[in-house]
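Student: The following file, work.cif, comprises mmCIF, C-alpha atoms and all ligand atoms:
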data_my_file
#
loop_
_atom_site.label_atom_id
_atom_site.label_comp_id
_atom_site.auth_asym_id
_atom_site.auth_seq_id
_atom_site.Cartn_x
_atom_site.Cartn_y
_atom_site.Cartn_z
CA MET A 1253 136.30 161.33 -110.48
CA ASP A 1254 138.60 161.09 -113.46
CA GLU A 1255 137.24 158.68 -116.05
CA HIS A 1256 140.79 157.48 -116.69
CA ASP A 1257 141.00 156.19 -113.11
CA LEU A 1258 138.10 153.85 -113.85
CA ALA A 1259 138.65 150.31 -115.10
CA ASP A 1260 138.42 149.69 -118.85
CA ASP A 1261 135.81 147.03 -118.14
CA PRO A 1262 132.69 148.35 -116.36
CA ILE A 1263 132.06 144.95 -114.74
CA VAL A 1264 135.47 145.21 -113.06
CA GLN A 1265 134.60 148.76 -112.00
CA LEU A 1266 131.21 147.64 -110.65
CA GLU A 1267 132.89 144.85 -108.66
CA ALA A 1268 135.22 147.45 -107.10
CA TRP A 1269 132.36 149.81 -106.18
CA LEU A 1270 130.30 146.90 -104.82
CA ALA A 1271 133.17 145.80 -102.58
CA GLU A 1272 133.40 149.32 -101.16
CA ALA A 1273 129.62 149.54 -100.79
CA ARG A 1274 129.47 146.21 -98.93
CA ALA A 1275 131.96 147.62 -96.42
CA ALA A 1276 130.10 150.92 -96.00
CA CYS A 1277 126.39 150.45 -96.64
CA PRO A 1278 123.57 148.25 -95.34
CA GLN A 1279 122.03 146.06 -98.08
CA ALA A 1280 124.64 147.09 -100.65
CA ASP A 1281 123.42 144.32 -102.96
CA ALA A 1282 119.88 145.68 -103.18
CA MET A 1283 119.04 147.12 -106.58
CA THR A 1284 115.95 148.55 -108.22
CA LEU A 1285 114.86 146.41 -111.16
CA ALA A 1286 112.73 148.13 -113.80
CA THR A 1287 110.85 146.13 -116.41
CA ALA A 1288 108.07 147.05 -118.84
CA ASP A 1289 105.10 145.24 -120.28
CA LEU A 1290 104.36 144.93 -123.98
CA GLN A 1291 102.55 148.29 -123.95
CA GLY A 1292 105.71 149.91 -122.57
CA ARG A 1293 104.19 150.47 -119.11
CA PRO A 1294 107.06 150.38 -116.63
CA SER A 1295 107.18 148.75 -113.21
CA ALA A 1296 109.98 148.70 -110.65
CA ARG A 1297 110.89 146.90 -107.45
CA GLN A 1298 113.90 145.98 -105.34
CA VAL A 1299 115.75 142.69 -105.83
CA LEU A 1300 119.08 141.40 -104.52
CA LEU A 1301 122.16 140.96 -106.68
CA ARG A 1302 123.14 137.30 -106.33
CA GLY A 1303 125.75 136.95 -109.04
CA LEU A 1304 128.08 139.18 -111.03
CA ASP A 1305 130.63 138.22 -113.64
CA ALA A 1306 131.60 139.05 -117.22
CA ARG A 1307 128.26 137.64 -118.40
CA GLY A 1308 126.13 140.03 -116.36
CA LEU A 1309 124.14 140.59 -113.16
CA VAL A 1310 121.96 137.84 -111.69
CA PHE A 1311 118.91 137.97 -109.44
CA PHE A 1312 116.47 135.23 -108.43
CA THR A 1313 112.70 135.25 -108.36
CA ASN A 1314 109.46 133.46 -109.06
CA ARG A 1315 108.90 132.87 -112.78
CA THR A 1316 105.16 133.50 -112.45
CA SER A 1317 105.66 136.90 -110.80
CA ARG A 1318 104.77 140.17 -112.48
CA LYS A 1319 108.42 140.96 -113.27
CA ALA A 1320 108.88 137.49 -114.80
CA GLU A 1321 105.75 137.87 -116.92
CA GLU A 1322 106.95 141.25 -118.15
CA LEU A 1323 110.40 139.85 -118.93
CA ALA A 1324 108.86 136.94 -120.84
CA GLY A 1325 107.18 139.43 -123.19
CA ASN A 1326 109.86 142.10 -123.18
CA PRO A 1327 113.27 140.74 -122.13
CA ARG A 1328 114.92 144.07 -121.34
CA ALA A 1329 115.54 145.62 -117.95
CA ALA A 1330 117.21 148.46 -116.11
CA LEU A 1331 118.88 148.18 -112.70
CA VAL A 1332 119.84 150.93 -110.28
CA PHE A 1333 122.09 150.69 -107.25
CA HIS A 1334 122.19 153.62 -104.85
CA TRP A 1335 124.77 153.77 -102.07
CA TRP A 1336 123.85 156.86 -100.06
CA GLU A 1337 126.82 156.62 -97.69
CA LEU A 1338 129.23 156.76 -100.64
CA GLY A 1339 127.28 159.24 -102.78
CA ARG A 1340 127.29 156.74 -105.60
CA GLN A 1341 124.76 155.43 -108.08
CA VAL A 1342 125.17 152.80 -110.79
CA ARG A 1343 122.68 152.36 -113.63
CA VAL A 1344 122.64 149.24 -115.78
CA GLU A 1345 120.57 148.60 -118.90
CA GLY A 1346 120.49 145.47 -120.96
CA SER A 1347 118.79 142.39 -122.26
CA VAL A 1348 117.66 139.65 -119.90
CA GLU A 1349 118.04 135.88 -120.15
CA GLU A 1350 116.90 133.09 -117.87
CA VAL A 1351 119.59 131.43 -115.79
CA GLY A 1352 119.64 127.66 -116.34
CA SER A 1353 118.28 125.33 -113.67
CA ALA A 1354 121.74 123.93 -112.80
CA GLU A 1355 123.01 127.42 -112.00
CA SER A 1356 119.78 128.33 -110.17
CA ASP A 1357 120.12 125.15 -108.15
CA VAL A 1358 123.58 126.16 -106.91
CA TYR A 1359 122.14 129.36 -105.45
CA TRP A 1360 118.97 127.60 -104.24
CA SER A 1361 121.06 125.24 -102.13
CA THR A 1362 122.55 128.22 -100.24
CA ARG A 1363 119.10 129.46 -99.15
CA PRO A 1364 117.90 128.63 -95.64
CA ARG A 1365 115.24 125.91 -95.52
CA ALA A 1366 112.54 128.38 -94.41
CA SER A 1367 113.27 130.62 -97.43
CA ARG A 1368 113.02 127.62 -99.72
CA LEU A 1369 109.68 126.63 -98.21
CA ALA A 1370 108.47 130.22 -98.54
CA ALA A 1371 109.38 130.19 -102.24
CA TRP A 1372 107.32 127.02 -102.70
CA ALA A 1373 104.43 128.49 -100.71
CA SER A 1374 104.13 131.93 -102.29
CA PRO A 1375 102.28 132.46 -105.59
CA GLN A 1376 104.31 135.65 -105.92
CA SER A 1377 102.47 138.73 -107.24
CA HIS A 1378 99.09 136.94 -107.36
CA PRO A 1379 96.22 138.05 -105.12
CA ILE A 1380 95.56 135.89 -102.04
CA ALA A 1381 92.60 135.98 -99.69
CA ASP A 1382 94.41 136.88 -96.49
CA ARG A 1383 97.46 136.15 -94.30
CA GLY A 1384 95.81 132.86 -93.31
CA GLU A 1385 96.03 131.61 -96.90
CA LEU A 1386 99.77 132.25 -96.93
CA ASP A 1387 100.20 130.42 -93.62
CA ARG A 1388 98.17 127.51 -95.00
CA LEU A 1389 100.27 127.39 -98.20
CA TYR A 1390 103.46 127.41 -96.12
CA ALA A 1391 102.16 124.58 -93.92
CA GLU A 1392 101.25 122.66 -97.08
CA ALA A 1393 104.83 123.05 -98.36
CA GLU A 1394 106.20 121.91 -95.00
CA GLY A 1395 103.92 118.84 -95.13
CA LYS A 1396 104.88 118.07 -98.73
CA PHE A 1397 108.61 117.92 -97.97
CA GLY A 1398 108.59 116.68 -94.37
CA ALA A 1399 112.22 115.97 -93.49
CA ALA A 1400 113.24 115.64 -97.16
CA PRO A 1401 115.39 118.24 -98.95
CA VAL A 1402 113.37 121.17 -100.31
CA THR A 1403 114.13 121.02 -104.02
CA LEU A 1404 114.22 123.86 -106.55
CA PRO A 1405 110.65 124.68 -107.65
CA PRO A 1406 110.10 124.47 -111.41
CA PHE A 1407 108.60 127.97 -111.24
CA TRP A 1408 111.60 129.65 -109.58
CA GLY A 1409 115.04 130.64 -110.84
CA GLY A 1410 117.52 133.26 -111.88
CA TYR A 1411 117.61 135.99 -114.49
CA ARG A 1412 120.76 137.51 -115.90
CA VAL A 1413 120.81 141.13 -117.05
CA VAL A 1414 123.38 141.26 -119.85
CA PRO A 1415 124.45 144.89 -119.85
CA ASP A 1416 124.80 147.02 -122.93
CA SER A 1417 125.19 150.18 -120.85
CA ILE A 1418 126.56 150.85 -117.34
CA GLU A 1419 126.78 154.32 -115.83
CA PHE A 1420 128.76 155.33 -112.73
CA TRP A 1421 127.58 158.46 -110.89
CA LEU A 1422 129.46 160.17 -108.10
CA HIS A 1423 128.08 162.93 -105.88
CA ARG A 1424 129.90 166.23 -105.55
CA ASP A 1425 128.87 168.89 -103.06
CA ASP A 1426 128.98 171.56 -105.78
CA ARG A 1427 126.27 169.53 -107.61
CA LEU A 1428 128.56 169.15 -110.63
CA HIS A 1429 128.36 165.42 -110.12
CA ASP A 1430 130.50 163.04 -112.14
CA ARG A 1431 128.85 160.68 -114.59
CA VAL A 1432 130.70 158.18 -116.75
CA ARG A 1433 128.78 155.85 -119.03
CA TYR A 1434 130.11 152.73 -120.73
CA ARG A 1435 128.37 151.40 -123.80
CA ARG A 1436 129.03 148.07 -125.42
CA SER A 1437 130.19 148.25 -129.04
CA HIS A 1438 131.58 145.80 -131.58
CA SER A 1439 135.09 146.80 -130.55
CA GLY A 1440 134.50 146.56 -126.80
CA TRP A 1441 133.29 149.06 -124.19
CA LEU A 1442 133.15 152.75 -125.12
CA ARG A 1443 133.38 155.30 -122.34
CA GLU A 1444 131.95 158.82 -122.27
CA ARG A 1445 131.36 161.51 -119.70
CA LEU A 1446 127.82 162.82 -119.29
CA ALA A 1447 126.71 166.15 -117.91
CA PRO A 1448 125.13 165.83 -114.48
C1 LIG B 1 115.54 144.95 -100.18
C2 LIG B 1 114.60 144.04 -100.96
C3 LIG B 1 115.13 142.96 -101.63
C4 LIG B 1 114.30 142.11 -102.37
N1 LIG B 1 114.87 141.08 -103.08
C5 LIG B 1 114.08 140.29 -103.85
C6 LIG B 1 114.67 139.29 -104.68
O1 LIG B 1 115.90 139.10 -104.74
N2 LIG B 1 113.82 138.52 -105.41
C7 LIG B 1 112.46 138.70 -105.40
O2 LIG B 1 111.76 137.98 -106.10
N3 LIG B 1 111.89 139.67 -104.66
C8 LIG B 1 112.67 140.47 -103.88
N4 LIG B 1 112.10 141.48 -103.13
C9 LIG B 1 110.63 141.69 -103.24
C10 LIG B 1 110.35 142.50 -104.51
O3 LIG B 1 110.67 143.86 -104.31
C11 LIG B 1 108.89 142.38 -105.00
O4 LIG B 1 108.00 142.73 -103.97
C12 LIG B 1 108.54 140.97 -105.47
O5 LIG B 1 109.62 140.35 -106.14
C13 LIG B 1 107.33 140.98 -106.39
O6 LIG B 1 107.60 141.84 -107.49
P1 LIG B 1 106.73 141.78 -108.86
O7 LIG B 1 105.28 141.63 -108.44
O8 LIG B 1 106.99 143.07 -109.54
O9 LIG B 1 107.20 140.60 -109.64
C14 LIG B 1 112.90 142.34 -102.39
C15 LIG B 1 112.37 143.43 -101.69
C16 LIG B 1 113.20 144.26 -100.99
C17 LIG B 1 112.60 145.45 -100.25
#
Spit out the file's structure as structure tokens when you get a sec.

Tutor:
Amino acid sequence: MDEHDLADDPIVQLEAWLAEARAACPQADAMTLATADLQGRPSARQVLLRGLDARGLVFFTNRTSRKAEELAGNPRAALVFHWWELGRQVRVEGSVEEVGSAESDVYWSTRPRASRLAAWASPQSHPIADRGELDRLYAEAEGKFGAAPVTLPPFWGGYRVVPDSIEFWLHRDDRLHDRVRYRRSHSGWLRERLAP
């Protein structure tokens, strides 16, 4: 990989790699999201990329979940994509902001009804007694809405990771892998090659 073949804007480059990953890999939009609590203790989990533009990378979740609580206290995150079939990894680091309810609603309306009911039913990341409690909460949500539209819960929405660093990693069989990192500066994105 020659860093001069990469786009000047890392978001444009990420869009290009994502398009290739979607054609080659199952679940290309899955990314590891790392957050940390106020003591600096990290936690990580998979989420799905649901939006990407010049502003950043968007995922959706429950705002009372562990990740949301950590982001409320410490609004910084790291994301990692790994596309095994392409030998590619992308690392993103940045600050995190809540996506407004109008924008969350646009995505919400694309979710199947059962997924919307499940979002209402699940007190994500909180202990529950057993599977039966989850089934009961789901039935409660079904009863609450009946045949009516299942509206956006006030406790659910999007988060946007606004990148200040994006690194592209490409496997090489000789293990001298390519790494190119972009960092945001006052004058735009700076690009540098890192040792593997
Ligand atoms: C492939 C994959 C995709 C996932 N996507 C999401 C997602 O987009 N949003 C979400 O809230 N949880 C998603 N999950 C579940 C999370 O990994 C996690 O279990 C959940 O969000 C609770 O995390 P927390 O307790 O750290 O907040 C996904 C899990 C997998 C395996």

Student: Show which residues sit within 12 Å of Ala1400 (chain A), as an MDAnalysis selection string. Count all atoms listed in the file, and ignore same-chain residues fewer than 6 positions away.

Tutor: chainID A and resid 1365 1369 1393:1394

Student: Let me see if you get this right: every residue at most 7 Å from ligand LIG 1 (chain B), counting all atoms listed in the file, written as a list in words.

Tutor: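 The neighbouring residues of ligand LIG 1 (chain B) are, in order, Gln1279, Ala1282, Ser1295, Ala1296, Arg1297, Gln1298, Val1299, Leu1300, Leu1301, Phe1311, Phe1312, Thr1313, Asn1314, Ser1317, Arg1318, Lys1319, Ala1320, Gln1376 and Ser1377 of chain A.
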
Student: Could you write out the selected residues, including C-alpha atoms, as a compact mmCIF listing (two decimals), in the frame of the given file?

Tutor:
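Below is the file that was written, selection.txt:
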# COMPACT_ATOMS: atom_id res chain seq x y z
CA GLN A 1279 122.03 146.06 -98.08
CA ALA A 1282 119.88 145.68 -103.18
CA SER A 1295 107.18 148.75 -113.21
CA ALA A 1296 109.98 148.70 -110.65
CA ARG A 1297 110.89 146.90 -107.45
CA GLN A 1298 113.90 145.98 -105.34
CA VAL A 1299 115.75 142.69 -105.83
CA LEU A 1300 119.08 141.40 -104.52
CA LEU A 1301 122.16 140.96 -106.68
CA PHE A 1311 118.91 137.97 -109.44
CA PHE A 1312 116.47 135.23 -108.43
CA THR A 1313 112.70 135.25 -108.36
CA ASN A 1314 109.46 133.46 -109.06
CA SER A 1317 105.66 136.90 -110.80
CA ARG A 1318 104.77 140.17 -112.48
CA LYS A 1319 108.42 140.96 -113.27
CA ALA A 1320 108.88 137.49 -114.80
CA GLN A 1376 104.31 135.65 -105.92
CA SER A 1377 102.47 138.73 -107.24

Student: Which of these residues is nearest to Arg1436 (chain A), using all atoms listed in the file: A:Ala1288, A:Ala1370, A:Val1414, A:Val1310?

Tutor: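 Looking at the shortest contact to Arg1436 (chain A), the residue is A:Val1414.
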
Student: Between CA of Leu1422 (chain A) and CA of Pro1327 (chain A), measure the distance and give it in Å to one decimal.

Tutor: 28.9 Å

Student: A:Arg1302, A:His1378, A:Arg1433, A:Arg1427: which is nearest Gln1265 (chain A), counting all atoms listed in the file?

Tutor: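 Once distances to Gln1265 (chain A) are computed over all atoms listed in the file, the minimum belongs to A:Arg1433.
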
Student: For each of A:Thr1316, A:Ala1280, A:Pro1415, A:Gln1341, take the minimum atom-to-atom distance to Val1432 (chain A), counting only C-alpha atoms, then give the residue where this is smallest.

Tutor: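 Looking at the shortest contact to Val1432 (chain A), the residue is A:Gln1341.
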
Student: Can you work out the spacing between CA of Asp1416 (chain A) and CA of Ala1330 (chain A) in Å, to one decimal?

Tutor: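 We find that CA of Asp1416 (chain A) and CA of Ala1330 (chain A) lie 10.3 Å from each other.
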
Student: With distances taken over all atoms listed in the file, which of A:Glu1322, A:Asp1261, A:Asp1426, A:Asp1254 is nearest to Ala1286 (chain A)?

Tutor: A:Glu1322

Student: Could you check which of A:Leu1338, A:Ala1399, A:Leu1446, A:Leu1428 is closest to Arg1274 (chain A), using all atoms listed in the file?

Tutor: A:Leu1338

Student: Report the distance between CA of Ala1354 (chain A) and CA of Ser1417 (chain A) in Å, rounded to one decimal place.

Tutor: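 Between CA of Ala1354 (chain A) and CA of Ser1417 (chain A) the gap is 27.7 Å.
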
Student: Name all residues at most 12 Å from Val1402 (chain A) (count all atoms listed in the file; drop same-chain ones fewer than 5 positions away) and give them as number ranges by chain.

Tutor: A: 1357, 1360-1373, 1393-1397

Student: For a quick check of your reading of the model, name the residues lying within 7 Å of the coordinate (119.3, 130.6, -111.5), counting only C-alpha atoms, and write them as number ranges by chain.

Tutor: A: 1312, 1351-1353, 1355-1357, 1359, 1409-1411

Student: Point out the residue among A:Trp1336, A:Tyr1390, A:Trp1408, A:Phe1420 with the least atom-to-atom distance to Trp1269 (chain A), counting all atoms listed in the file.

Tutor: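 Closest residue, counting all atoms listed in the file: A:Phe1420.
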
Student: What lies within 9 Å of Asp1305 (chain A) using only C-alpha atoms, ignoring chain neighbours under 4 positions off, as a list in words?

Tutor: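 My reading of the contact set: Ile1263, Val1264, Glu1267, Leu1309 and Val1310 of chain A.
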
Student: Let me have the centre and edge lengths in Å, one decimal, of the box along x, y and z around every listed atom of region 1309-1323 of chain A with 4 Å of margin on each side, as JSON.

Tutor:
{"center_x": 114.5, "center_y": 137.1, "center_z": -113.6, "size_x": 27.4, "size_y": 16.4, "size_z": 18.6}

Student: Identify the residues within 12 Å of coordinate (122.1, 159.8, -115.7) (same frame as the file), considering only C-alpha atoms, and give the answer as a PyMOL selection string.

Tutor: chain A and resi 1332+1340-1345+1417-1423+1429-1434+1444-1448
